[in-house]
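Heads up, target33.tsv below (TSV, C-alpha atoms):
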```tsv
chain	number	residue	atom	x	y	z
A	1	MET	CA	0.00	0.00	0.00
A	2	PRO	CA	1.50	3.40	-0.96
A	3	PRO	CA	2.00	6.00	1.77
A	4	ALA	CA	-0.87	8.41	2.42
A	5	TYR	CA	1.37	11.37	1.63
A	6	GLY	CA	4.00	11.63	-1.05
A	7	ALA	CA	7.65	11.83	-0.15
A	8	LEU	CA	8.98	15.28	0.68
A	9	GLN	CA	10.42	16.72	-2.50
A	10	THR	CA	12.91	19.52	-2.88
A	11	PRO	CA	11.51	22.44	-4.88
A	12	PRO	CA	13.04	22.61	-8.38
A	13	TRP	CA	14.48	26.08	-7.71
A	14	ALA	CA	16.40	25.02	-4.64
A	15	ALA	CA	20.13	24.51	-4.40
A	16	ALA	CA	21.66	21.46	-2.77
A	17	PRO	CA	21.29	21.47	1.04
A	18	GLY	CA	23.97	23.58	2.67
A	19	ALA	CA	24.86	25.27	-0.62
A	20	SER	CA	22.59	28.27	-0.21
A	21	PRO	CA	24.02	31.76	0.03
A	22	THR	CA	24.73	33.09	3.50
A	23	PRO	CA	21.96	35.34	4.83
A	24	PRO	CA	22.70	38.98	5.60
A	25	ASN	CA	24.25	39.05	9.06
A	26	LEU	CA	23.71	42.06	11.28
A	27	HIS	CA	22.36	41.95	14.81
A	28	TRP	CA	18.69	42.91	14.86
A	29	ALA	CA	19.28	45.55	17.55
A	30	LEU	CA	21.87	47.25	15.36
A	31	VAL	CA	19.39	47.23	12.48
A	32	LEU	CA	16.85	48.88	14.79
A	33	VAL	CA	19.26	51.57	16.01
A	34	LEU	CA	20.52	52.38	12.51
A	35	ALA	CA	16.97	52.53	11.17
A	36	MET	CA	15.90	54.86	13.97
A	37	PHE	CA	18.82	57.26	13.54
A	38	THR	CA	19.11	57.31	9.75
A	39	GLY	CA	15.51	56.79	8.74
A	40	ILE	CA	16.46	55.17	5.42
A	41	PHE	CA	18.55	52.26	6.73
A	42	GLY	CA	15.48	50.16	7.58
A	43	PHE	CA	14.28	50.39	4.01
A	44	ILE	CA	17.75	49.57	2.63
A	45	TRP	CA	18.05	46.56	4.94
A	46	PHE	CA	14.56	45.41	3.92
A	47	CYS	CA	15.76	45.46	0.29
A	48	ILE	CA	18.91	43.52	1.25
A	49	GLN	CA	16.76	40.88	2.96
A	50	ALA	CA	14.46	40.71	-0.09
A	51	GLY	CA	17.56	40.22	-2.27
A	52	TYR	CA	18.63	37.29	-0.12
A	53	VAL	CA	15.16	35.76	-0.35
A	54	LYS	CA	15.31	36.16	-4.15
A	55	LYS	CA	18.57	34.15	-4.12
A	56	ILE	CA	17.02	31.21	-2.28
A	57	ASP	CA	13.66	31.51	-4.05
A	58	PRO	CA	13.93	32.98	-7.56
A	59	ALA	CA	10.12	32.95	-7.80
A	60	SER	CA	9.88	35.48	-4.93
A	61	ARG	CA	8.13	38.70	-5.90
A	62	ALA	CA	9.02	40.58	-2.70
A	63	ARG	CA	11.29	43.12	-4.44
A	64	MET	CA	8.59	43.91	-6.99
A	65	PHE	CA	6.07	44.47	-4.18
A	66	ILE	CA	8.54	46.70	-2.33
A	67	VAL	CA	8.99	48.86	-5.44
A	68	LEU	CA	5.23	49.05	-5.98
A	69	GLY	CA	4.71	49.94	-2.31
A	70	VAL	CA	7.30	52.71	-2.48
A	71	LEU	CA	5.73	54.07	-5.67
A	72	ALA	CA	2.28	54.07	-4.05
A	73	ILE	CA	3.61	55.88	-0.97
A	74	ALA	CA	5.46	58.40	-3.14
A	75	GLY	CA	2.26	58.92	-5.13
A	76	GLN	CA	0.41	59.51	-1.89
A	77	PHE	CA	2.95	62.16	-0.91
A	78	VAL	CA	2.59	63.94	-4.26
A	79	ALA	CA	-1.20	63.74	-4.07
A	80	THR	CA	-1.08	65.26	-0.58
A	81	LEU	CA	0.95	68.19	-1.90
A	82	VAL	CA	-1.55	68.69	-4.73
A	83	ILE	CA	-4.43	68.59	-2.26
A	84	ALA	CA	-2.76	71.18	-0.07
A	85	GLY	CA	-2.35	73.42	-3.11
A	86	ALA	CA	-5.96	72.90	-4.17
A	87	ALA	CA	-7.24	73.63	-0.66
A	88	ALA	CA	-5.10	76.76	-0.45
A	89	GLY	CA	-6.54	77.86	-3.81
A	90	GLY	CA	-10.08	77.41	-2.53
A	91	SER	CA	-10.96	74.30	-4.58
A	92	MET	CA	-12.61	72.10	-1.98
A	93	GLY	CA	-14.03	69.67	-4.57
A	94	GLY	CA	-10.54	68.96	-5.89
A	95	ALA	CA	-9.25	68.59	-2.35
A	96	MET	CA	-11.93	66.03	-1.50
A	97	ALA	CA	-11.25	64.00	-4.65
A	98	GLY	CA	-7.53	64.18	-3.90
A	99	GLY	CA	-8.19	63.04	-0.35
A	100	PHE	CA	-9.85	59.91	-1.70
A	101	LEU	CA	-6.85	59.34	-3.99
A	102	THR	CA	-4.41	59.63	-1.09
A	103	LEU	CA	-6.45	57.10	0.88
A	104	ILE	CA	-6.40	54.64	-2.04
A	105	LEU	CA	-2.64	55.12	-2.52
A	106	ALA	CA	-1.98	54.65	1.21
A	107	LEU	CA	-3.96	51.42	1.26
A	108	ALA	CA	-2.24	50.20	-1.91
A	109	GLY	CA	1.17	50.94	-0.38
A	110	MET	CA	0.29	49.00	2.76
A	111	VAL	CA	-1.03	46.04	0.76
A	112	PHE	CA	2.11	45.92	-1.40
A	113	MET	CA	4.43	46.10	1.61
A	114	LEU	CA	2.50	43.42	3.49
A	115	SER	CA	2.57	41.25	0.35
A	116	ALA	CA	6.36	41.64	0.25
A	117	ILE	CA	6.74	40.84	3.95
A	118	PHE	CA	4.52	37.77	3.97
A	119	GLY	CA	5.93	36.58	0.64
A	120	MET	CA	9.40	36.71	2.17
A	121	ARG	CA	8.12	34.85	5.22
A	122	SER	CA	6.65	32.12	3.02
A	123	SER	CA	9.87	31.73	1.02
A	124	LEU	CA	12.03	31.56	4.16
A	125	VAL	CA	9.79	28.99	5.86
A	126	THR	CA	9.56	26.86	2.72
A	127	TYR	CA	13.30	26.92	2.08
A	128	PHE	CA	14.41	26.28	5.65
A	129	ASN	CA	11.93	23.45	6.12
A	130	THR	CA	12.57	21.60	2.85
A	131	VAL	CA	15.97	22.36	1.33
A	132	GLU	CA	17.86	23.06	4.54
A	133	PRO	CA	15.46	21.60	7.09
A	134	ILE	CA	16.14	23.40	10.36
A	135	GLY	CA	12.48	23.54	11.39
A	136	LEU	CA	12.13	27.29	10.93
A	137	ARG	CA	8.84	28.63	12.21
A	138	LEU	CA	7.95	32.29	11.81
A	139	SER	CA	4.97	33.68	13.69
A	140	GLY	CA	2.48	35.59	11.56
A	141	VAL	CA	1.86	38.10	14.37
A	142	MET	CA	5.57	38.71	14.95
A	143	THR	CA	6.09	38.99	11.19
A	144	PHE	CA	3.31	41.59	10.95
A	145	PHE	CA	4.54	43.79	13.79
A	146	PHE	CA	8.34	43.36	13.71
A	147	ASN	CA	8.94	42.11	10.14
A	148	ILE	CA	12.46	43.32	9.26
A	149	LEU	CA	13.79	42.92	12.81
A	150	TYR	CA	12.11	39.54	13.26
A	151	PHE	CA	13.53	38.26	9.97
A	152	GLN	CA	16.97	39.55	10.93
A	153	TYR	CA	16.87	37.78	14.28
A	154	HIS	CA	16.23	34.47	12.51
A	155	LEU	CA	18.65	35.16	9.65
A	156	SER	CA	21.42	35.82	12.18
A	157	ARG	CA	20.59	32.51	13.87
A	158	ILE	CA	20.87	30.79	10.48
A	159	VAL	CA	24.25	32.43	9.80
A	160	GLU	CA	25.49	31.15	13.16
A	161	TRP	CA	24.13	27.68	12.38
A	162	LYS	CA	25.91	27.65	9.01
A	163	ARG	CA	29.14	28.74	10.68
A	164	THR	CA	29.10	26.44	13.73
A	165	GLY	CA	26.61	23.69	12.91
A	166	VAL	CA	24.66	24.55	16.09
A	167	LEU	CA	21.25	26.17	15.89
A	168	GLN	CA	20.64	28.41	18.90
A	169	GLN	CA	17.12	28.57	20.30
```

Could you write out this structure as structure tokens?
Amino acid sequence: MPPAYGALQTPPWAAAPGASPTPPNLHWALVLVLAMFTGIFGFIWFCIQAGYVKKIDPASRARMFIVLGVLAIAGQFVATLVIAGAAAGGSMGGAMAGGFLTLILALAGMVFMLSAIFGMRSSLVTYFNTVEPIGLRLSGVMTFFFNILYFQYHLSRIVEWKRTGVLQQ
């Protein structure tokens, strides 16, 4: 009688176990401090993490979603400036229509960024439970609230595991 479930198969895009690129390695607290003091570092590190995910999962669309999210947020900023100009000029109808546009762009930016974050989460969990099975579990709640820092905590653990062969809990 054949088994109820098929044998675990390695995804076709995956490298041989242990042959994956090394994750970006920076302590999560340092990422937090640099992001707080520079403002832009958090975004840059998010892109670095998305680049790593693209290396282990070429089908990942996280970078595309990041770009779309940034474009939506930039569009929201521009629309806000236009609204301010319209309101200063006395055109309340234009300001109200622009307000709706900024709301749509803000929601689109949030959806794109969340798609990037949870896409990265899915790729990391899949890769580190099939190709290099370390039993990685990433909480959805922690991913939602602490995304970049939470990923970095686990990526640093993986770097240490690759270096020493011991996975810290």

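Atom pair atom CA of Gly165 of chain A / atom CA of Val53 of chain A: separated by 21.3 Å.
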
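Among the candidates A:Ala106, A:Leu149, A:Leu167, A:Ile83, the one nearest to Leu32 of chain A when counting all atoms listed in the file is A:Leu149.
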
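Remark: for His154 of chain A, the closest of the candidate residues A:Asn129, A:Asn25, A:Ser122, A:Thr102 is A:Asn25 (distances computed over only C-alpha atoms).
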
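The interatomic distance for the pair atom CA of Gln168 of chain A and atom CA of Ser156 of chain A works out to 10.0 Å.
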
(Q) List as an NGL selection string the protein and nucleic acid residues near Ala62 of chain A, meaning an atom at most 7 Å away when all atoms listed in the file are counted, but skip any in the same chain fewer than 3 places from it. (A) :A and (50 or 65-66 or 116 or 119-120)

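If only C-alpha atoms are the atoms counted, then among A:Phe118, A:Phe128, A:Phe37, A:Trp161 the closest residue to Phe146 of chain A is A:Phe118.
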
Any chance you could tabulate, as a Markdown table, the residues of segment 100-167 of chain A at most 10 Å from segment 44-48 of chain A with each one's nearest atom pair and distance in Å to one decimal, using all atoms listed in the file, in chain and rising number order?
```
| residue | atom | partner | partner_atom | distance |
| --- | --- | --- | --- | --- |
| A:Ala116 | CA | A:Phe46 | CA | 9.7 |
| A:Ile117 | CA | A:Phe46 | CA | 9.1 |
| A:Asn147 | CA | A:Phe46 | CA | 9.0 |
| A:Ile148 | CA | A:Phe46 | CA | 6.1 |
| A:Leu149 | CA | A:Phe46 | CA | 9.3 |
| A:Phe151 | CA | A:Phe46 | CA | 9.4 |
| A:Gln152 | CA | A:Trp45 | CA | 9.3 |
```

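The two atoms in question, atom CA of Thr22 of chain A and atom CA of Thr38 of chain A, are spaced 25.6 Å apart.
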
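Minimum atom-to-atom distances from A:Ile134, A:Ser60, A:Gly75, A:Phe145 to Val166 of chain A were compared using only C-alpha atoms, and the lowest value belongs to A:Ile134.
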
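Using all atoms listed in the file, the smallest distance between any of A:Phe112, A:Phe144, A:Phe77, A:Tyr150 and Val31 of chain A comes from A:Tyr150.
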
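The list of residues with at least one atom within 9 Å of Met110 of chain A, based on only C-alpha atoms and without residues fewer than 6 positions apart in the same chain, reads Gly69, Ala72 and Ile73 of chain A.
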